[in-house]
Structure formats: C-alpha cells, structure tokens
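Input: a single structure, listed below in structure tokens.
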Amino acid sequence: MARAQITADKIREAVQEQNVQFLRLMFTDINGIIKNVEVPVDQLKKVLANKIMFDGSSIDGFVRIEESDMLLYPDLNTWLVFPWGSEHGKVARLICDVHNPDGTPFAGDPRNNLKRVLAEAREAGYTTFNIGPEPEFFLFKLDEEDRPTLELNDKGGYFDFAPVDLGENTRRDIVLELEKMGFEVEASHHEVAPGQHEIDFKYADAVTAADNIQTFKLVVKTIARQHGLHATFMPKPLAGINGSGMHINMSLFKGDKNAFFDPDTDDQLSAESRHFLAGLLTHARALTAVNNPTVNSYKRLVPGYEAPVYVAWSGRNRSPLIRVPQSRGLSTRLEMRSVDPTANPYLAIGAILAAGMDGLNNKLTPAAPVHRNIYRMTPEERKANHITDLPSTLHNALKALAADEVVIGALGPHLYQSFVDSKRMEWDGYRQSVSKWERDQYLELY
C-alpha cells in the first residue's frame with residue numbers, strides 16, 4: 001500500500017466531496033490496541049492545527065493522572081475515508097502521533113518510538129526498512145446475542161475453496177474493502193486450521209506497514225461482523241490445531257539498493273544480510289517478549305503446529321525461526337516466523353530493527369543454517385548445532401527481555417517499564433487463575 005502525499009487542502013476537498021461528517025483520530029496503546037478520539041467534522045481546523053487533546057492517563061502505558069493532557073498530531077498521509085456506514089455521512093480516519101502538551105513527541109507513544117529507531121538506522125546509512133506482514137486470523141460464529149462462540153464457520157484446510165471454505169465470501173469482501181482503501185492485496189487463502197485465514201498485502205516502509213497492520217485488523221473485524229462472524233487475531237483460540245502467526249518479511253535498503261542482496265556471493269546474500277540475521281538470532285529470546293506478548297502466545301509456540309520453537313535459520317525449510325526465501329534482487333529478504341498478530345506492530349518492528357542493527361554494528365556472524373526438520377532432531381543434535389529454544393512462557397520471555405540491553409534500548413525507558421509492568425500483571429493474573437484443565441486433572445484424583 002503506497003502512501004500518497006496528502007495535504008490539508010486535499011483533506012478539506014475530500015470532506016466536502018465525500019460528505020465526511022466525523023473524523024476518527026487513531027493511535028495505538030502499549031498493548032497494540034487501537035484507540036481513537038472521534039470528533040465532528042466542524043473540528044477539522046483544530047485537528048489540522050494539532051490542537052485536539054485527550055486524557056492520556058486513561059490509556060494503558062501512557063502517563064499518570066497528574067500528567068494526563070496529551071496532544072494528537074495527525075499524519076495527513078494516513079487520511080482515509082471508510083467505505084462503509086454512510087447513513088449519517090462518511091467517517092474518515094487519521095493515524096496520529098502522540099505529543100506532550102509542549103509539542104514534543106511523547107516517548108510512550110509506540111509510533112513515535114518506531115520513528116526514533118528508524119532515525120538511528122538512517123544515521124548508519126540505511127534509508128528504508130521494508131516490512132511485508134502475513135497476518136492470520138480465525139472466524140467464529142456469533143450467537144443470538146452477537147457474542148463470539150467457539151463454533152468455527154468452516155471445516156476447510158490449507159488453500160481449500162468453497163463449499164468446504166465457508167469463509168470465502170467473508171474473505172473476498174475483506175479483500176474488496178481493503179482494495180477500496182488502497183491496499184495492494186497479494187494473496188488471500190484459507191490457512192491450515194479450520195476457520196483460519198490469511199490475507200497478505202504488499203510490503204511498505206516500516207511505519208506505513210505498522211499503520212497498515214492496524215488498519216487491516218480493523219477492516220477484518222468490521223467486515224466479519226457484517227457476515228455474522230467474529231474475527232479474532234488471538235494466537236491460539238483452540239487447542240489441537242494450528243495457531244495464528246504474523247510472519248514478518250523484512251529488507252533493508254540504501255536508497256534504491258537492497259542491502260541484503262549481493263550478486264557476487266554463492267547464495268547472493270550480502271555480508272550485511274548475514275550480520276542482520278545474526279543480530280536477530282542473538283536477540284531472539286528477548287524479542288519474543290515483544291513479538292509474542294500475551295499468555296496465549298505461548299500456546300502457539302509449541303512443537304507440532306508449524307510455529308517456530310527453536311532459534312535457528314534456513315533457506316530451505318520452515319521449522320527454524322528465520323527463513324530466507326529464495327527470491328533475490330530487490331526481493332531479497334529475511335522472514336521472522338515467530339511473530340504473532342497480538343504483537344504491537346510499532347514495538348515489534350522497532351525491536352526487530354534494533355536487533356538486526358546490533359548485528360550490523362558489531363559484524364556478528366550467524367551459526368550455520370539448519371536444513372533438517374528441527375522438530376525431529378534430538379536434544380543432543382540440537383545442542384551440537386547450537387540451536388537453542390525460544391522462551392516457553394511469557395514469564396520466561398520477560399526474564400530474557402530484562403537481560404537484553406539492545407531490545408530494552410529499542411523500547412526506550414518509558415515504553416520498556418510500561419510494557420513490563422503491564423505484562424507482569426497479565427502473567428500474575430494468569431498464574432493465579434485456576435483452569436478447567438486443572439480441575440479435570442486434579443479435583444477428584446487428589
């Protein structure tokens with residue numbers, strides 16, 4: 001989805017031509033949840049002057065109550081008129097950066113933070129960090145009161161089609177809405193598990209890609225609801241079937257040159273790509289806390305369901321954490337397969353970039369690629385191949401994060417502390433809960 005250059009005058013024209021009546025000013029909290037302040041269109045002048053304020057103390061990970069007033073600075077290039085719901089006039093959105101009352105960027109805003117990490121990469125000579133996400137989701141039926149059930153809407157499998165794939169019409173309508181909004185959809189298909197779907201859209205620069213992920217989630221949920229379905233990006237909503245991931249394809253550019261491509265090496269991968277890859281592997285355990293930030297994320301990261309569990313890389317098989325797709329030239333890229341769609345895309349992309357840049361700055365060298373199916377290797381074989389495990393719980397991932405100064409630095413002091421506080425509360429709530437599995441297992445036995 002290419003980002004067009006949009007001016008204030010163009011926005012004023014669009015408001016008139018398309019009968020826009022409400023403006024939705026969107027931003028993202030620390031947990032990756034979209035928040036918005038909606039104002040009537042007569043506030044457009046105030047919006048364009050960066051004068052809209054909101055209570056930051058009510059947003060997870062933002063500020064204390066005595067520091068509550070925050071400003072919304074809309075990114076005009078994110079102007080978008082939603083194609084649905086025009087009964088009372090159209091609704092348009094602008095994605096915003098959050099600023100302090102004195103106009104300085106707020107350090108606790110994930111979008112601002114990603115821009116900070118990108119600026120550091122630009123200082124090192126890298127102009128663009130391109131991201132191609134592959135988000136997956138499940139569709140569940142709604143009950144009579146429009147509440148989500150655990151009943152899947154189909155029994156399809158990988159690349160199935162109607163009548164087995166009953167979600168096909170929903171998925172098609174999602175694609176059509178995305179295309180109306182400027183997305184360039186590259187693929188749309190049923191995934192491995194029943195009720196599971198994937199829609200891939202064209203890569204973009206890091207900030208635009210993160211914005212696109214947030215917009216994508218909103219569109220998917222909105223259109224699914226119109227079909228009487230609930231779309232969820234929860235990584236593992238049901239036991240015994242594959243979970244949902246959000247593989248991140250990435251490439252680093254210097255101007256119009258892909259820094260990961262070198263036509264003169266045996267595999268046409270540059271030294272820079274190897275250093276970047278080594279950085280990802282070195283910081284993989286700490287990155288897991290950011291890339292897989294919920295208790296449920298770790299129900300997906302288990303052997304047997306195609307999700308990566310081990311820290312390794314390969315260009316040939318899909319069991320390692322990092323895959324190097326076969327495309328070369330401008331399409332040369334690395335694919336990180338552990339990320340799931342509950343990740344805050346601004347935090348995850350920023351942390352991934354910082355880890356890769358650490359590999360570049362220190363000229364780290366990756367271990368040899370692993371072309372065997374790692375799931376079938378013995379513990380001794382994995383150890384001999386220098387393959388370590390990803391953290392198995394959110395608790396262990398947070399411990400790995402606390403020991404990694406590079407990933408901590410990628411978040412910055414404010415976001416790091418807010419993120420850890422939020423996730424420790426989540427873990428404590430989970431740890432203190434008693435599940436049906438435990439009662440079934442122990443209540444009568446003991």
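Convention: chains lettered A, B, ... in structure tokens order; per-chain residue numbering from 1; ligands numbered from 1 as shown.
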What are the closest atom pairs, with distances in Å to one decimal, for each residue of stretch 97-173 of chain A lying within 9 Å of stretch 254-271 of chain A, using only C-alpha atoms, rows by chain and rising residue number, as a tab-separated table?
residue	atom	partner	partner_atom	distance
A:Arg122	CA	A:Lys254	CA	8.9
A:Gly125	CA	A:Lys254	CA	6.6
A:Tyr126	CA	A:Lys254	CA	4.9
A:Thr127	CA	A:Lys254	CA	5.2
A:Thr128	CA	A:Lys254	CA	6.8
>> Among stretch 184-344 of chain A, which ones does DSSP assign to strand (DSSP E or B) (computed from the backbone)? Answer as a PyMOL selection string.
In response: chain A and resi 185-190+196-201+204-205+229-232+246-254+257-258+261+269+310-311+313-314+322-323+334-336
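Distance annotation: of A:Gly245, A:Pro40, A:Gly279, A:Pro135, the residue with the minimal separation from A:Ala210 is A:Pro135; atom set is only C-alpha atoms.
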Running DSSP on the backbone, which parts of stretch 5-151 of chain A land in helix (DSSP H, G or I), as an mmCIF file with N, CA and C atoms, in the first residue's frame?
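Below you can see out.cif, which holds the result:
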data_model
loop_
_atom_site.group_PDB
_atom_site.id
_atom_site.type_symbol
_atom_site.label_atom_id
_atom_site.label_comp_id
_atom_site.auth_asym_id
_atom_site.auth_seq_id
_atom_site.Cartn_x
_atom_site.Cartn_y
_atom_site.Cartn_z
ATOM 1 N N ALA A 8 -3.321 19.338 3.611
ATOM 2 C CA ALA A 8 -4.512 19.799 4.322
ATOM 3 C C ALA A 8 -5.595 20.225 3.346
ATOM 4 N N ASP A 9 -5.205 20.860 2.243
ATOM 5 C CA ASP A 9 -6.192 21.288 1.244
ATOM 6 C C ASP A 9 -6.908 20.096 0.622
ATOM 7 N N LYS A 10 -6.168 19.023 0.333
ATOM 8 C CA LYS A 10 -6.792 17.828 -0.225
ATOM 9 C C LYS A 10 -7.781 17.219 0.759
ATOM 10 N N ILE A 11 -7.454 17.262 2.037
ATOM 11 C CA ILE A 11 -8.366 16.730 3.056
ATOM 12 C C ILE A 11 -9.643 17.564 3.110
ATOM 13 N N ARG A 12 -9.499 18.864 3.054
ATOM 14 C CA ARG A 12 -10.690 19.737 3.065
ATOM 15 C C ARG A 12 -11.576 19.451 1.852
ATOM 16 N N GLU A 13 -10.957 19.239 0.697
ATOM 17 C CA GLU A 13 -11.726 18.920 -0.508
ATOM 18 C C GLU A 13 -12.455 17.582 -0.361
ATOM 19 N N ALA A 14 -11.758 16.591 0.187
ATOM 20 C CA ALA A 14 -12.350 15.263 0.350
ATOM 21 C C ALA A 14 -13.524 15.300 1.316
ATOM 22 N N VAL A 15 -13.417 16.095 2.364
ATOM 23 C CA VAL A 15 -14.508 16.233 3.327
ATOM 24 C C VAL A 15 -15.771 16.709 2.626
ATOM 25 N N GLN A 16 -15.621 17.686 1.750
ATOM 26 C CA GLN A 16 -16.771 18.232 1.034
ATOM 27 C C GLN A 16 -17.307 17.250 -0.011
ATOM 28 N N GLU A 17 -16.421 16.686 -0.788
ATOM 29 C CA GLU A 17 -16.825 15.834 -1.905
ATOM 30 C C GLU A 17 -17.452 14.524 -1.438
ATOM 31 N N VAL A 41 -16.916 16.839 12.079
ATOM 32 C CA VAL A 41 -16.090 17.420 11.033
ATOM 33 C C VAL A 41 -15.875 18.915 11.232
ATOM 34 N N ASP A 42 -16.750 19.566 12.023
ATOM 35 C CA ASP A 42 -16.535 21.008 12.237
ATOM 36 C C ASP A 42 -15.307 21.289 13.095
ATOM 37 N N GLN A 43 -14.677 20.225 13.612
ATOM 38 C CA GLN A 43 -13.424 20.371 14.361
ATOM 39 C C GLN A 43 -12.196 20.176 13.471
ATOM 40 N N LEU A 44 -12.405 20.099 12.143
ATOM 41 C CA LEU A 44 -11.293 19.810 11.231
ATOM 42 C C LEU A 44 -10.158 20.822 11.362
ATOM 43 N N LYS A 45 -10.492 22.097 11.474
ATOM 44 C CA LYS A 45 -9.451 23.119 11.586
ATOM 45 C C LYS A 45 -8.574 22.857 12.805
ATOM 46 N N LYS A 46 -9.204 22.500 13.907
ATOM 47 C CA LYS A 46 -8.473 22.205 15.145
ATOM 48 C C LYS A 46 -7.627 20.936 14.987
ATOM 49 N N VAL A 47 -8.186 19.953 14.279
ATOM 50 C CA VAL A 47 -7.445 18.705 14.027
ATOM 51 C C VAL A 47 -6.176 18.990 13.241
ATOM 52 N N LEU A 48 -6.321 19.765 12.154
ATOM 53 C CA LEU A 48 -5.178 20.043 11.279
ATOM 54 C C LEU A 48 -4.137 20.932 11.956
ATOM 55 N N GLY A 56 -4.478 11.223 28.538
ATOM 56 C CA GLY A 56 -3.513 10.140 28.424
ATOM 57 C C GLY A 56 -3.506 9.193 29.599
ATOM 58 N N SER A 57 -3.994 9.620 30.765
ATOM 59 C CA SER A 57 -3.965 8.755 31.942
ATOM 60 C C SER A 57 -4.942 7.594 31.823
ATOM 61 N N SER A 58 -5.880 7.679 30.872
ATOM 62 C CA SER A 58 -6.864 6.609 30.692
ATOM 63 C C SER A 58 -6.388 5.539 29.717
ATOM 64 N N ILE A 65 -2.070 10.231 36.215
ATOM 65 C CA ILE A 65 -3.222 11.116 36.153
ATOM 66 C C ILE A 65 -2.837 12.584 36.283
ATOM 67 N N GLU A 66 -1.725 12.855 36.996
ATOM 68 C CA GLU A 66 -1.333 14.252 37.155
ATOM 69 C C GLU A 66 -0.609 14.797 35.925
ATOM 70 N N GLU A 67 -0.406 13.933 34.895
ATOM 71 C CA GLU A 67 0.261 14.370 33.663
ATOM 72 C C GLU A 67 -0.624 14.048 32.466
ATOM 73 N N LEU A 76 -1.055 13.401 8.041
ATOM 74 C CA LEU A 76 -2.005 13.670 6.966
ATOM 75 C C LEU A 76 -1.975 12.600 5.881
ATOM 76 N N ASN A 77 -0.834 11.947 5.716
ATOM 77 C CA ASN A 77 -0.727 10.918 4.682
ATOM 78 C C ASN A 77 -1.501 9.648 5.026
ATOM 79 N N THR A 78 -2.051 9.571 6.249
ATOM 80 C CA THR A 78 -2.859 8.407 6.622
ATOM 81 C C THR A 78 -4.347 8.686 6.440
ATOM 82 N N PRO A 110 4.063 4.316 20.932
ATOM 83 C CA PRO A 110 4.772 3.298 20.148
ATOM 84 C C PRO A 110 5.148 3.764 18.739
ATOM 85 N N ARG A 111 4.294 4.565 18.124
ATOM 86 C CA ARG A 111 4.583 5.034 16.759
ATOM 87 C C ARG A 111 5.767 6.002 16.757
ATOM 88 N N ASN A 112 5.794 6.923 17.723
ATOM 89 C CA ASN A 112 6.956 7.810 17.865
ATOM 90 C C ASN A 112 8.225 7.009 18.082
ATOM 91 N N ASN A 113 8.106 5.951 18.881
ATOM 92 C CA ASN A 113 9.291 5.158 19.215
ATOM 93 C C ASN A 113 9.848 4.460 17.985
ATOM 94 N N LEU A 114 8.967 3.929 17.137
ATOM 95 C CA LEU A 114 9.441 3.298 15.905
ATOM 96 C C LEU A 114 10.189 4.312 15.045
ATOM 97 N N LYS A 115 9.683 5.521 14.966
ATOM 98 C CA LYS A 115 10.368 6.565 14.189
ATOM 99 C C LYS A 115 11.752 6.848 14.763
ATOM 100 N N ARG A 116 11.875 6.782 16.071
ATOM 101 C CA ARG A 116 13.184 7.014 16.711
ATOM 102 C C ARG A 116 14.183 5.935 16.300
ATOM 103 N N VAL A 117 13.768 4.666 16.329
ATOM 104 C CA VAL A 117 14.661 3.566 15.957
ATOM 105 C C VAL A 117 15.030 3.663 14.479
ATOM 106 N N LEU A 118 14.067 4.027 13.640
ATOM 107 C CA LEU A 118 14.351 4.196 12.212
ATOM 108 C C LEU A 118 15.353 5.317 11.968
ATOM 109 N N ALA A 119 15.259 6.393 12.751
ATOM 110 C CA ALA A 119 16.207 7.505 12.604
ATOM 111 C C ALA A 119 17.630 7.043 12.914
ATOM 112 N N GLU A 120 17.767 6.148 13.890
ATOM 113 C CA GLU A 120 19.097 5.613 14.220
ATOM 114 C C GLU A 120 19.649 4.785 13.058
ATOM 115 N N ALA A 121 18.765 4.018 12.394
ATOM 116 C CA ALA A 121 19.221 3.242 11.233
ATOM 117 C C ALA A 121 19.616 4.162 10.086
ATOM 118 N N ARG A 122 18.875 5.257 9.917
ATOM 119 C CA ARG A 122 19.229 6.208 8.851
ATOM 120 C C ARG A 122 20.589 6.838 9.108
ATOM 121 N N GLU A 123 20.901 7.097 10.358
ATOM 122 C CA GLU A 123 22.227 7.643 10.687
ATOM 123 C C GLU A 123 23.335 6.686 10.283
#
>> Could you check the closest approach to A:Leu390 for each of A:Val370, A:Leu25, A:Leu411, A:Ala284 and tell me which residue wins, using only C-alpha atoms?
In response: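 The answer is A:Ala284, which sits nearest to A:Leu390.
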